[in-house]
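What follows is one structure encoded as structure tokens, with my remarks underneath.
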Amino acid sequence: MNAVNSAGARVVLVHMVDESVAAPLMAEHGLENASRVSDPDRKLYEAFGLERGGAGAMLAPKVWACGIKASLAGHLPRRPKGDVRQMPGAFLVHKNRILNSFRAKTISDKPDLESFVRVGLQEQVKKQD
């Protein structure tokens with residue numbers, strides 16, 4: 001996350017649960033100081049075109065592999081919070097323009113944030129030339 005911040009970018013996490021539920025979860029992952037927005041009605045998800053996944057997005061082999069890997073690392077399954085079918089995404093936004101976007105195909109998909117920001121910023125520089 002340091003490389004993201006040093007690039008002049010800021011990560012804002014959007015979630016679907018009340019802040020009282022989100023705060024301990026964020027702290028568990030070292031994100032207690034991250035900017036975040038509670039969106040229980042999923043309006044931001046909808047605005048960014050993030051859809052709800054079907055069975056394939058929930059039960060794909062890579063989802064199971066990710067779950068097993070997480071369990072082996074000590075992150076045991078617990079009762080889900082929010083809409084488990086809501087697909088995640090990431091967006092690099094600058095001056096009301098999306099510089100880079102990532103829309104997950106399965107619930108376990110996630111971008112490497114550092115390269116995600118780097119690619120988005122490189123595209124911005126190209127457009128300015």
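Lettering and numbering for the structure tokens are positional, with chains as A, B, ... in the shown order, residues counted from 1 in each chain, and ligands counted from 1 in the shown order.
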
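With only C-alpha atoms taken into account, the protein and nucleic acid residues at most 12 Å from A:Leu25 (excluding it and anything under 3 positions from it in its own chain) are His15, Val17, Asp18, Glu19, Ser20, Val21, Ala22, Glu28, His29, Gly30, Leu31, Glu32, Asn33, Ala34, His75, Arg78, Pro80 and Lys81 of chain A.
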
Store the residues of this selection in a file with N, CA and C atoms, as a short mmCIF file (atom, residue, chain, number, x, y, z; two decimals), in the first residue's frame.
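So the final result, stored in result_25.cif, reads:
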```cif
data_model
loop_
_atom_site.label_atom_id
_atom_site.label_comp_id
_atom_site.auth_asym_id
_atom_site.auth_seq_id
_atom_site.Cartn_x
_atom_site.Cartn_y
_atom_site.Cartn_z
N HIS A 15 -17.67 -1.10 1.15
CA HIS A 15 -18.19 -2.36 1.67
C HIS A 15 -19.68 -2.21 1.92
N VAL A 17 -21.41 -3.36 4.80
CA VAL A 17 -21.83 -3.56 6.19
C VAL A 17 -21.71 -2.26 6.99
N ASP A 18 -22.34 -2.25 8.14
CA ASP A 18 -22.26 -1.12 9.05
C ASP A 18 -20.82 -0.93 9.51
N GLU A 19 -20.44 0.30 9.78
CA GLU A 19 -19.06 0.61 10.19
C GLU A 19 -18.67 -0.17 11.46
N SER A 20 -19.62 -0.43 12.35
CA SER A 20 -19.30 -1.18 13.58
C SER A 20 -18.88 -2.62 13.26
N VAL A 21 -19.34 -3.15 12.14
CA VAL A 21 -18.95 -4.48 11.69
C VAL A 21 -17.65 -4.39 10.88
N ALA A 22 -17.54 -3.36 10.06
CA ALA A 22 -16.38 -3.22 9.18
C ALA A 22 -15.09 -2.92 9.94
N GLU A 28 -8.27 -6.33 11.37
CA GLU A 28 -7.70 -7.67 11.22
C GLU A 28 -6.73 -7.75 10.05
N HIS A 29 -6.98 -6.96 9.04
CA HIS A 29 -6.15 -6.99 7.82
C HIS A 29 -5.22 -5.79 7.72
N GLY A 30 -5.02 -5.07 8.83
CA GLY A 30 -4.11 -3.93 8.84
C GLY A 30 -4.64 -2.73 8.07
N LEU A 31 -5.95 -2.64 7.90
CA LEU A 31 -6.54 -1.56 7.12
C LEU A 31 -7.37 -0.62 7.98
N GLU A 32 -7.06 -0.57 9.27
CA GLU A 32 -7.87 0.26 10.17
C GLU A 32 -7.81 1.74 9.82
N ASN A 33 -6.75 2.19 9.17
CA ASN A 33 -6.63 3.60 8.80
C ASN A 33 -7.03 3.89 7.36
N ALA A 34 -7.48 2.86 6.66
CA ALA A 34 -7.87 3.05 5.25
C ALA A 34 -9.18 3.82 5.17
N HIS A 75 -7.15 -18.08 8.18
CA HIS A 75 -8.36 -17.28 7.95
C HIS A 75 -9.53 -18.23 7.72
N ARG A 78 -16.22 -17.81 8.08
CA ARG A 78 -17.18 -17.34 9.08
C ARG A 78 -18.44 -16.92 8.38
N PRO A 80 -20.99 -15.01 6.46
CA PRO A 80 -20.80 -13.89 5.52
C PRO A 80 -21.51 -12.62 5.99
N LYS A 81 -20.95 -11.49 5.59
CA LYS A 81 -21.53 -10.17 5.86
C LYS A 81 -21.85 -9.55 4.51
#
```

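Atom CA of A:Asn100 sits 17.7 Å away from atom CA of A:Glu51.
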
Point to revise | Residues within 8 Å of A:Val37, only C-alpha atoms, excluding chain neighbours under 4 positions, as an NGL selection string | key: :A and (12-15)

Put those residues in a file: N, CA and C atoms, as a short mmCIF file (atom, residue, chain, number, x, y, z; two decimals), in the first residue's frame.
```cif
data_model
loop_
_atom_site.label_atom_id
_atom_site.label_comp_id
_atom_site.auth_asym_id
_atom_site.auth_seq_id
_atom_site.Cartn_x
_atom_site.Cartn_y
_atom_site.Cartn_z
N VAL A 12 -9.71 3.80 -1.40
CA VAL A 12 -10.96 3.93 -0.65
C VAL A 12 -11.68 2.60 -0.78
N LEU A 13 -11.93 1.97 0.33
CA LEU A 13 -12.61 0.67 0.33
C LEU A 13 -14.11 0.88 0.48
N VAL A 14 -14.86 0.22 -0.36
CA VAL A 14 -16.32 0.29 -0.30
C VAL A 14 -16.81 -1.09 0.15
N HIS A 15 -17.67 -1.10 1.15
CA HIS A 15 -18.19 -2.36 1.67
C HIS A 15 -19.68 -2.21 1.92
#
```

Exercise for review: Check stretch 1-79 of chain A with DSSP on the backbone and list each residue it calls strand (DSSP E), as a ChimeraX atom specification.
Suggested key: /A:12-15,35-38

Practice item. Would you mind listing what lies within 10 Å of A:Leu92 as a PyMOL selection string, with only C-alpha atoms counted and same-chain residues fewer than 3 positions away left out? Key: chain A and resi 9-12+96-102+113+116-121

Could you dump the residues just selected with C-alpha atoms as a PDB file, in the first residue's frame?
```
ATOM      1  CA  ALA A   9      -3.084   7.682  -5.103  1.00  0.00           C
ATOM      2  CA  ARG A  10      -5.469   6.897  -2.297  1.00  0.00           C
ATOM      3  CA  VAL A  11      -7.328   3.664  -1.725  1.00  0.00           C
ATOM      4  CA  VAL A  12     -10.961   3.932  -0.649  1.00  0.00           C
ATOM      5  CA  ASN A  96     -13.720  12.366 -12.135  1.00  0.00           C
ATOM      6  CA  ARG A  97     -12.144  10.079 -14.768  1.00  0.00           C
ATOM      7  CA  ILE A  98     -11.570   6.355 -14.420  1.00  0.00           C
ATOM      8  CA  LEU A  99      -7.917   5.728 -15.277  1.00  0.00           C
ATOM      9  CA  ASN A 100      -7.991   1.984 -14.670  1.00  0.00           C
ATOM     10  CA  SER A 101     -10.668  -0.517 -13.746  1.00  0.00           C
ATOM     11  CA  PHE A 102     -10.823  -4.094 -12.557  1.00  0.00           C
ATOM     12  CA  LEU A 113      -2.977  -2.800  -6.265  1.00  0.00           C
ATOM     13  CA  PHE A 116      -3.017  -1.582 -10.955  1.00  0.00           C
ATOM     14  CA  VAL A 117      -2.161   1.982  -9.891  1.00  0.00           C
ATOM     15  CA  ARG A 118       1.098   2.037 -11.870  1.00  0.00           C
ATOM     16  CA  VAL A 119      -0.649   0.985 -15.110  1.00  0.00           C
ATOM     17  CA  GLY A 120      -3.428   3.520 -14.569  1.00  0.00           C
ATOM     18  CA  LEU A 121      -0.980   6.338 -13.948  1.00  0.00           C
TER      19      LEU A 121
END
```

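Considering only stretch 65-104 of chain A, backbone DSSP assigns alpha helix (DSSP H) to Ala65, Cys66, Gly67, Ile68, Lys69, Ala70, Ser71 and Leu72 of chain A.
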
Residues as selected, C-alpha atoms, written as a compact mmCIF listing (two decimals), in the first residue's frame, can you do that?
```
# COMPACT_ATOMS: atom_id res chain seq x y z
CA ALA A 65 -8.43 -22.95 -4.08
CA CYS A 66 -8.40 -19.42 -2.68
CA GLY A 67 -10.59 -20.54 0.24
CA ILE A 68 -8.32 -23.47 1.04
CA LYS A 69 -5.24 -21.24 0.88
CA ALA A 70 -6.89 -18.70 3.21
CA SER A 71 -7.90 -21.45 5.66
CA LEU A 72 -4.37 -22.84 5.73
```

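For the atom pair formed by atom CA of A:Pro111 and atom CA of A:Leu76, the distance is 22.0 Å, given to one decimal.
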
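Coordinates place atom CA of A:Ser6 at a distance of 17.4 Å from atom CA of A:Glu123.
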
Practice item. Might you pull out every residue within 12 Å of A:Asp83, with only C-alpha atoms counted and same-chain residues fewer than 2 positions away left off, and present them as a PyMOL selection string? Key: chain A and resi 15-17+39-42+45+51-53+58+79-81+85-88+107

Review point. With only C-alpha atoms as the atoms that count, which of A:Val63, A:Val84, A:Ala55, A:Phe48 lies nearest to A:Arg103?
Key: A:Phe48
